[in-house]
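S.K.: Would you mind keeping the following structure in view while I ask a few things?
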Amino acid sequence: MTHILDAISSALDVQDDVVQLKTAQILTVFLSSETSPIAPNILQPFLNTLSSFLISSFPHKRDLAVQCLEALLPRREVRKAVWRIPQIIQGYEGEMYSNLD
């Protein structure tokens, strides 16, 4: 499964927003249903991508990042990794507060 996830996650580097967003959705489905621990070489770059989505000026990127995190945060290793990325916490808080306006 790791080889498939490696191949899919490489599409996150494409400069096309639609490809990035669909890739994030597909990776989220795979990672949230995976029963074994997620390899750091897959998880960390994906969380970095979600972090960049959260601080994006495009609402659809921010919304998708929140949805992906919602699906992945029940996993302990994801929660631990997220706490080590301050931009995710700050971006998530910013997204929550912007929805109050």
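Chain labels A, B, ... are given in the sequence in which chains occur in the structure tokens; within each chain residues are numbered consecutively from 1, and ligands are likewise numbered from 1 in the order shown.
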Residues near A:Ile88, anyone? I mean within 9 Å using only C-alpha atoms, not counting same-chain ones fewer than 6 positions away, as a VMD selection string.
M.R.: chain A and resid 47 to 48 50 to 52 54 to 55 82
S.K.: List the neighbours of stretch 26-43 of chain A out to 10 Å using only C-alpha atoms; skip same-chain residues closer than 3 positions along the sequence, and give me the result as a count of residues only.
M.R.: 32
S.K.: Quick one: distance from atom CA of A:Val19 to atom CA of A:Val66 in Å, one decimal?
M.R.: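 That distance, rounded to one decimal, is 17.6 Å.
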S.K.: I'd like the interatomic distance between atom CA of A:Asp13 and atom CA of A:Lys80, to a tenth of an Å.
M.R.: 24.0 Å
S.K.: Considering only C-alpha atoms, can you say which of A:Val14, A:Ala24, A:His3, A:Pro86 comes closest to A:Phe53?
M.R.: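 Distance minimum relative to A:Phe53 lands on A:Ala24.
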